[in-house]
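**Student:** Structure: structure-v8.cif, mmCIF, C-alpha atoms and all ligand atoms.
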data_final
#
loop_
_atom_site.label_atom_id
_atom_site.label_comp_id
_atom_site.auth_asym_id
_atom_site.auth_seq_id
_atom_site.Cartn_x
_atom_site.Cartn_y
_atom_site.Cartn_z
CA MET O 1 -124.10 -5.65 -47.80
CA ALA O 2 -124.77 -8.97 -49.47
CA LEU O 3 -125.63 -12.62 -49.08
CA LEU O 4 -123.02 -15.13 -50.25
CA PHE O 5 -123.76 -18.64 -51.53
CA THR O 6 -121.29 -21.37 -52.35
CA SER O 7 -121.20 -25.17 -52.69
CA ASP O 8 -119.19 -28.12 -53.94
CA LEU O 9 -115.89 -27.25 -52.31
CA HIS O 10 -115.17 -30.95 -51.87
CA LEU O 11 -112.58 -30.14 -49.22
CA GLU O 12 -110.28 -33.00 -48.27
CA GLY O 13 -107.00 -33.35 -46.47
CA SER O 14 -105.08 -34.15 -49.62
CA ARG O 15 -106.01 -30.88 -51.34
CA PRO O 16 -104.75 -28.18 -48.93
CA GLU O 17 -104.75 -25.44 -51.60
CA THR O 18 -108.56 -25.61 -51.89
CA THR O 19 -108.90 -25.57 -48.11
CA GLU O 20 -106.69 -22.45 -48.03
CA ARG O 21 -108.76 -20.76 -50.73
CA PHE O 22 -111.95 -21.48 -48.79
CA VAL O 23 -110.49 -20.30 -45.48
CA GLU O 24 -109.46 -17.04 -47.16
CA PHE O 25 -112.94 -16.72 -48.69
CA VAL O 26 -114.51 -17.10 -45.24
CA ARG O 27 -112.04 -14.75 -43.52
CA GLU O 28 -112.24 -12.00 -46.11
CA ARG O 29 -115.34 -12.00 -48.31
CA ALA O 30 -117.78 -13.72 -45.96
CA ARG O 31 -116.66 -11.53 -43.05
CA HIS O 32 -118.19 -8.52 -44.84
CA ALA O 33 -121.40 -10.32 -45.84
CA ASP O 34 -124.82 -10.41 -44.16
CA ALA O 35 -124.80 -14.21 -44.26
CA LEU O 36 -123.05 -17.19 -45.83
CA TYR O 37 -124.93 -20.18 -47.26
CA ILE O 38 -123.07 -23.40 -48.07
CA LEU O 39 -125.28 -25.50 -50.33
CA GLY O 40 -123.72 -28.93 -49.84
CA ASP O 41 -120.53 -30.83 -50.50
CA LEU O 42 -118.36 -28.62 -48.35
CA PHE O 43 -116.39 -31.82 -47.80
CA GLU O 44 -115.44 -34.56 -50.25
CA ALA O 45 -116.47 -37.04 -47.57
CA TRP O 46 -117.80 -36.78 -44.02
CA ILE O 47 -117.79 -39.97 -42.01
CA GLY O 48 -119.17 -38.46 -38.81
CA ASP O 49 -118.73 -35.43 -36.58
CA ASP O 50 -116.38 -37.43 -34.36
CA ASP O 51 -113.78 -37.62 -37.16
CA THR O 52 -110.93 -35.39 -36.11
CA ASP O 53 -108.84 -35.23 -39.28
CA PRO O 54 -106.47 -32.40 -38.26
CA ARG O 55 -106.18 -31.29 -41.89
CA LEU O 56 -109.80 -30.12 -41.82
CA LYS O 57 -109.43 -28.19 -38.57
CA PRO O 58 -108.75 -24.83 -40.34
CA VAL O 59 -112.19 -25.12 -41.97
CA ILE O 60 -113.92 -25.56 -38.60
CA GLU O 61 -111.86 -22.73 -37.11
CA ALA O 62 -112.65 -20.33 -39.98
CA LEU O 63 -116.39 -21.00 -39.73
CA LYS O 64 -116.28 -20.63 -35.94
CA SER O 65 -114.51 -17.25 -36.28
CA LEU O 66 -117.11 -16.12 -38.80
CA HIS O 67 -119.87 -17.05 -36.36
CA ARG O 68 -118.07 -15.19 -33.56
CA ALA O 69 -117.78 -12.13 -35.81
CA GLY O 70 -121.58 -12.14 -36.01
CA VAL O 71 -122.03 -13.40 -39.60
CA PRO O 72 -124.64 -16.18 -39.71
CA CYS O 73 -123.68 -19.26 -41.68
CA ALA O 74 -126.11 -21.93 -42.83
CA ILE O 75 -125.11 -25.26 -44.31
CA MET O 76 -126.99 -27.86 -46.32
CA HIS O 77 -126.08 -31.50 -46.84
CA GLY O 78 -124.60 -32.58 -50.17
CA ASN O 79 -124.35 -36.12 -51.46
CA ARG O 80 -120.80 -36.30 -50.02
CA ASP O 81 -121.22 -34.79 -46.58
CA PHE O 82 -124.77 -35.84 -45.70
CA LEU O 83 -123.55 -37.04 -42.29
CA ILE O 84 -122.69 -33.54 -41.08
CA GLY O 85 -124.59 -33.38 -37.81
CA ARG O 86 -125.33 -31.46 -34.64
CA ARG O 87 -121.80 -31.67 -33.25
CA PHE O 88 -120.40 -30.04 -36.38
CA ALA O 89 -123.09 -27.37 -36.16
CA ALA O 90 -122.26 -26.71 -32.51
CA ALA O 91 -118.51 -26.60 -33.21
CA THR O 92 -118.85 -24.10 -36.06
CA GLY O 93 -121.99 -22.16 -35.15
CA CYS O 94 -123.46 -23.10 -38.56
CA ARG O 95 -127.19 -23.72 -38.83
CA LEU O 96 -128.11 -26.99 -40.56
CA LEU O 97 -130.62 -26.58 -43.37
CA GLY O 98 -133.02 -29.10 -44.88
CA ASP O 99 -132.88 -30.37 -48.47
CA TYR O 100 -135.04 -27.48 -49.66
CA GLU O 101 -135.04 -24.03 -48.09
CA THR O 102 -136.59 -20.80 -49.26
CA ILE O 103 -135.07 -17.50 -48.26
CA ASP O 104 -135.72 -13.85 -48.89
CA ALA O 105 -132.84 -12.28 -50.83
CA PHE O 106 -133.47 -8.54 -50.85
CA GLY O 107 -137.16 -8.96 -51.63
CA GLN O 108 -136.70 -11.92 -53.95
CA ARG O 109 -137.94 -15.34 -52.85
CA VAL O 110 -135.19 -17.88 -53.64
CA LEU O 111 -135.26 -21.67 -53.40
CA LEU O 112 -132.00 -23.27 -52.25
CA THR O 113 -131.12 -26.93 -52.68
CA HIS O 114 -127.97 -28.98 -53.20
CA GLY O 115 -129.20 -30.18 -56.60
CA ASP O 116 -128.93 -33.97 -56.44
CA LEU O 117 -132.67 -34.36 -55.76
CA LEU O 118 -133.35 -32.68 -59.11
CA CYS O 119 -131.31 -35.28 -61.04
CA THR O 120 -134.29 -37.60 -61.28
CA ASP O 121 -133.13 -39.28 -64.53
CA ASP O 122 -130.32 -40.92 -62.56
CA SER O 123 -132.43 -43.62 -60.95
CA ARG O 124 -129.41 -45.63 -59.76
CA TYR O 125 -128.12 -42.63 -57.86
CA GLN O 126 -131.57 -41.89 -56.42
CA SER O 127 -131.88 -45.40 -54.99
CA LEU O 128 -128.38 -45.18 -53.50
CA ARG O 129 -129.35 -41.82 -52.02
CA ALA O 130 -132.46 -43.33 -50.44
CA MET O 131 -130.31 -45.98 -48.76
CA LEU O 132 -127.69 -43.51 -47.49
CA ARG O 133 -130.33 -41.15 -46.10
CA ASP O 134 -132.14 -43.92 -44.26
CA PRO O 135 -131.88 -43.22 -40.50
CA ASP O 136 -131.26 -46.94 -39.73
CA TRP O 137 -128.39 -47.12 -42.26
CA GLN O 138 -126.89 -43.95 -40.81
CA ARG O 139 -127.17 -45.16 -37.20
CA ASP O 140 -125.52 -48.43 -38.15
CA PHE O 141 -122.75 -46.67 -40.11
CA LEU O 142 -122.03 -44.13 -37.35
CA GLY O 143 -121.81 -46.99 -34.85
CA LYS O 144 -118.83 -48.49 -36.68
CA PRO O 145 -115.24 -47.61 -35.75
CA LEU O 146 -113.74 -44.67 -37.69
CA GLY O 147 -111.34 -46.88 -39.64
CA GLU O 148 -114.17 -49.08 -40.88
CA ARG O 149 -116.26 -46.04 -41.79
CA ARG O 150 -113.32 -44.65 -43.78
CA THR O 151 -113.13 -47.91 -45.75
CA VAL O 152 -116.87 -47.87 -46.52
CA ALA O 153 -116.62 -44.21 -47.60
CA GLU O 154 -113.72 -45.10 -49.93
CA GLU O 155 -115.75 -47.94 -51.44
CA LEU O 156 -118.72 -45.64 -52.01
CA ARG O 157 -116.47 -43.09 -53.69
CA GLY O 158 -115.09 -45.83 -55.94
CA VAL O 159 -118.62 -46.89 -56.91
CA SER O 160 -119.55 -43.24 -57.58
CA ARG O 161 -116.43 -42.70 -59.74
CA SER O 162 -117.05 -45.74 -61.94
CA GLU O 163 -120.80 -45.02 -62.20
CA THR O 164 -120.12 -41.40 -63.16
CA ALA O 165 -117.64 -42.47 -65.84
CA SER O 166 -120.15 -44.80 -67.48
CA LYS O 167 -123.29 -42.64 -67.36
CA PRO O 168 -124.38 -40.38 -70.23
CA GLU O 169 -123.78 -36.68 -69.44
CA ASP O 170 -127.43 -35.60 -69.51
CA ILE O 171 -128.50 -38.21 -66.96
CA MET O 172 -126.29 -36.51 -64.40
CA ASP O 173 -127.81 -33.10 -64.98
CA VAL O 174 -131.04 -31.81 -63.46
CA ASN O 175 -134.33 -32.89 -65.00
CA PRO O 176 -136.25 -29.86 -66.36
CA ALA O 177 -139.62 -31.19 -65.16
CA ALA O 178 -138.22 -31.77 -61.65
CA VAL O 179 -136.86 -28.20 -61.64
CA GLU O 180 -140.20 -26.76 -62.68
CA ALA O 181 -142.11 -28.91 -60.17
CA ALA O 182 -139.85 -27.77 -57.31
CA MET O 183 -140.15 -24.12 -58.29
CA ARG O 184 -143.93 -24.36 -58.49
CA ARG O 185 -144.15 -26.23 -55.20
CA PHE O 186 -142.14 -23.57 -53.39
CA ASP O 187 -143.63 -20.72 -55.40
CA VAL O 188 -140.32 -19.17 -56.50
CA ARG O 189 -138.89 -17.52 -59.61
CA HIS O 190 -135.29 -18.15 -58.55
CA LEU O 191 -133.65 -21.49 -57.86
CA LEU O 192 -130.04 -21.69 -56.67
CA HIS O 193 -128.18 -25.00 -56.52
CA GLY O 194 -124.85 -26.76 -57.03
CA HIS O 195 -123.98 -30.45 -57.38
CA THR O 196 -123.79 -30.73 -61.19
CA HIS O 197 -120.54 -28.74 -61.41
CA ARG O 198 -121.95 -26.85 -64.39
CA PRO O 199 -121.87 -23.21 -63.28
CA ALA O 200 -124.32 -21.09 -65.26
CA VAL O 201 -127.40 -18.89 -65.10
CA HIS O 202 -130.32 -20.42 -67.00
CA ASP O 203 -133.41 -18.49 -68.07
CA LEU O 204 -136.62 -20.50 -67.95
CA THR O 205 -140.37 -20.10 -67.76
CA VAL O 206 -142.35 -21.28 -64.76
CA GLU O 207 -146.12 -20.96 -64.81
CA GLY O 208 -145.89 -18.45 -67.61
CA GLY O 209 -143.41 -16.21 -65.80
CA ALA O 210 -139.71 -15.56 -66.37
CA ALA O 211 -137.55 -17.51 -63.94
CA LYS O 212 -133.88 -18.22 -63.34
CA ARG O 213 -131.92 -21.30 -62.34
CA ILE O 214 -128.53 -20.34 -60.96
CA VAL O 215 -125.91 -23.09 -60.75
CA LEU O 216 -122.80 -22.86 -58.61
CA GLY O 217 -119.53 -24.46 -59.71
CA ALA O 218 -117.10 -26.84 -58.03
CA TRP O 219 -113.99 -25.51 -56.32
CA HIS O 220 -111.44 -27.34 -58.41
CA GLN O 221 -109.39 -24.88 -60.46
CA GLN O 222 -111.03 -21.88 -58.75
CA GLY O 223 -113.74 -21.05 -56.25
CA TRP O 224 -117.33 -20.26 -57.27
CA PHE O 225 -119.89 -18.24 -55.38
CA VAL O 226 -123.01 -16.15 -55.84
CA ARG O 227 -123.17 -12.69 -54.37
CA TRP O 228 -126.66 -11.28 -53.89
CA ASP O 229 -127.30 -7.68 -52.92
CA GLU O 230 -129.99 -5.05 -53.40
CA HIS O 231 -129.09 -4.82 -57.11
CA GLY O 232 -129.51 -8.55 -57.73
CA PHE O 233 -127.11 -11.47 -58.01
CA THR O 234 -123.80 -12.21 -59.72
CA LEU O 235 -122.09 -15.56 -60.22
CA GLU O 236 -118.42 -15.00 -59.43
CA THR O 237 -115.13 -16.84 -59.10
CA CYS O 238 -112.30 -16.45 -56.61
MN MN A 301 -122.95 -33.05 -54.94
#
If you convert what's in this file into C-alpha cells, what do you get?
Ligand code: MN
**Tutor:**
Amino acid sequence: MALLFTSDLHLEGSRPETTERFVEFVRERARHADALYILGDLFEAWIGDDDTDPRLKPVIEALKSLHRAGVPCAIMHGNRDFLIGRRFAAATGCRLLGDYETIDAFGQRVLLTHGDLLCTDDSRYQSLRAMLRDPDWQRDFLGKPLGERRTVAEELRGVSRSETASKPEDIMDVNPAAVEAAMRRFDVRHLLHGHTHRPAVHDLTVEGGAAKRIVLGAWHQQGWFVRWDEHGFTLETC
C-alpha cells in the first residue's frame, strides 16, 4: 500500500483532457492507495463552493467515490483555489488541510505545503497573497454575485500572467533560507510541495543532517505525483 501526493492540476472547464486524466488517476491509482493528498491548485480558479460549473462535476464525483470506497483524501489550498471551503469538503468527503501539515509516511516525518509561502523573494506576490487570504476580503468577495466574482478572478489571473512574464525566474522559486527555516520549525528531513512547476528531488542539509525537498510538477503535458510506500518515495508521471 502507499500514500499518493499530487498538486497543481489547474483543472478548468476548458481543458477537459486534464480533468479526464485526473479522474482516471483518482479512479484507478488512488483507489488502491492508503490515502490521497492534494497539495493545492487542484483548480485553476475557485470562486466559491456555490459555483456549479458542470464541467467540474466529474472531479467532485470522482473524489466522492474515492471517499465512499474508504480512501481518505486531504486537500490543501493553493494560490488559485484558496476559496475551497466547507461545502466542497462536505460534497467530496475531502479533509481540508492548513498551509503547513506534517504527516507520518511509513515512519518518516514529512512536511507538506503548497509552496507559495516559501517563495519569499517575490514580495509583490506575498502582499497580494496577504490581501486574498484576509477573511474580510474573502467575505466581501464571496458576497458578490457569481458573475462578478468570475470577472474579478479573470482580472486577478491577468495580473498574475503579466507579473509572471516580467519577473526573473529565480524570484518565483522557493527561497533556500525559507525552506530551511520551515524544515527546522517543523523538525523534518523531508519537505514535499508543488506550486513552482519545477518537478525534482533536491538534496539539502538541514541542521547538519541530510534532507530532501521533493517538488511536484504541474499537470500540463502529463500528470505528476509522488508515491510513498514502505520502501520510500518515487516522483512519477501519468
Ligand atoms: Mn500554485
**Student:** So what do you get for CA of Ala35 (chain O) versus CA of Ala105 (chain O), distance-wise?
**Tutor:**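 These two atoms are separated by 10.6 Å.
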**Student:** What's the 12 Å shell around region 83-87 of chain O, counting all atoms listed in the file, without same-chain residues fewer than 2 positions away, as a PyMOL selection string?
**Tutor:** chain O and resi 40-52+60+75-81+89-98+132-135+137-139+141-142+149+153
**Student:** Looking at O:Lys167, O:His32, O:Arg129, O:His193, which one is nearest to Thr113 (chain O), with distances taken over all atoms listed in the file?
**Tutor:**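 So, comparing all the options, the nearest one is O:His193.
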**Student:** Would you work out the distance separating CA of Gly232 (chain O) from CA of Val188 (chain O), expressed in Å to one decimal?
**Tutor:** 15.2 Å
**Student:** Can you tell me how far CA of Leu36 (chain O) sits from CA of Cys73 (chain O), in Å to one decimal?
**Tutor:**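 Spanning CA of Leu36 (chain O) to CA of Cys73 (chain O) is a straight-line distance of 4.7 Å.
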**Student:** Rank O:His114, O:Arg213, O:Arg15, O:Lys144 by their smallest atom-to-atom distance to ligand MN 301 (chain A), using only C-alpha atoms and all ligand atoms, and report the top residue only.
**Tutor:**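 Of O:His114, O:Arg213, O:Arg15, O:Lys144, the one nearest ligand MN 301 (chain A), counting only C-alpha atoms and all ligand atoms, is O:His114.
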**Student:** Show me, as JSON, the centre and edge lengths in Å to one decimal of the axis-aligned box that covers every listed atom of region 126-139 of chain O with 3 Å on each side.
**Tutor:**
{"center_x": -129.7, "center_y": -44.1, "center_z": -46.8, "size_x": 11.6, "size_y": 12.0, "size_z": 25.2}
**Student:** Which one is closest to ligand MN 301 (chain A): O:Ala210, O:Val26, O:Leu118, O:Leu3? Count all atoms listed in the file.
**Tutor:**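 Nearest candidate to ligand MN 301 (chain A) out of O:Ala210, O:Val26, O:Leu118, O:Leu3: O:Leu118.
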**Student:** Return the single residue from O:Arg161, O:Lys57, O:His197, O:Arg109 that is closest to Gln221 (chain O), with distances computed using all atoms listed in the file.
**Tutor:**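 Among the listed residues, O:His197 lies closest to Gln221 (chain O).
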**Student:** Which is closest to Tyr100 (chain O) among O:Cys119, O:Leu112, O:Met131, O:Arg184, if we use all atoms listed in the file?
**Tutor:** O:Leu112
**Student:** Identify the residues within 12 Å of coordinate (-134.0, -6.1, -57.2) (same frame as the file), considering all atoms listed in the file, and give the answer as an mmCIF file with C-alpha atoms, in the coordinates of the input.
**Tutor:**
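For reference, result.cif as written:
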data_model
loop_
_atom_site.group_PDB
_atom_site.id
_atom_site.type_symbol
_atom_site.label_atom_id
_atom_site.label_comp_id
_atom_site.auth_asym_id
_atom_site.auth_seq_id
_atom_site.Cartn_x
_atom_site.Cartn_y
_atom_site.Cartn_z
ATOM 1 C CA ASP O 104 -135.720 -13.850 -48.890
ATOM 2 C CA ALA O 105 -132.840 -12.280 -50.830
ATOM 3 C CA PHE O 106 -133.470 -8.540 -50.850
ATOM 4 C CA GLY O 107 -137.160 -8.960 -51.630
ATOM 5 C CA GLN O 108 -136.700 -11.920 -53.950
ATOM 6 C CA ARG O 109 -137.940 -15.340 -52.850
ATOM 7 C CA TRP O 228 -126.660 -11.280 -53.890
ATOM 8 C CA ASP O 229 -127.300 -7.680 -52.920
ATOM 9 C CA GLU O 230 -129.990 -5.050 -53.400
ATOM 10 C CA HIS O 231 -129.090 -4.820 -57.110
ATOM 11 C CA GLY O 232 -129.510 -8.550 -57.730
ATOM 12 C CA PHE O 233 -127.110 -11.470 -58.010
#
**Student:** Which polymer residues, protein or nucleic acid, are no farther than 12 Å from (-128.3, -41.7, -59.6), counting all atoms listed in the file, as a PyMOL selection string?
**Tutor:** chain O and resi 79+115-131+159-161+163-164+166-175+196
**Student:** Taking all atoms listed in the file into account, name the residue in O:Pro72, O:Gly217, O:Pro54, O:Gly13 that is nearest to ligand MN 301 (chain A).
**Tutor:**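 Checking each of O:Pro72, O:Gly217, O:Pro54, O:Gly13 against ligand MN 301 (chain A), counting all atoms listed in the file, the winner is O:Gly217.
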**Student:** Contacts of Cys238 (chain O) at 9 Å or less, counting only C-alpha atoms, minus same-chain residues fewer than 5 places along, as a list in words?
**Tutor:** Arg21, Phe25, Gln222, Gly223, Trp224 and Phe225 of chain O
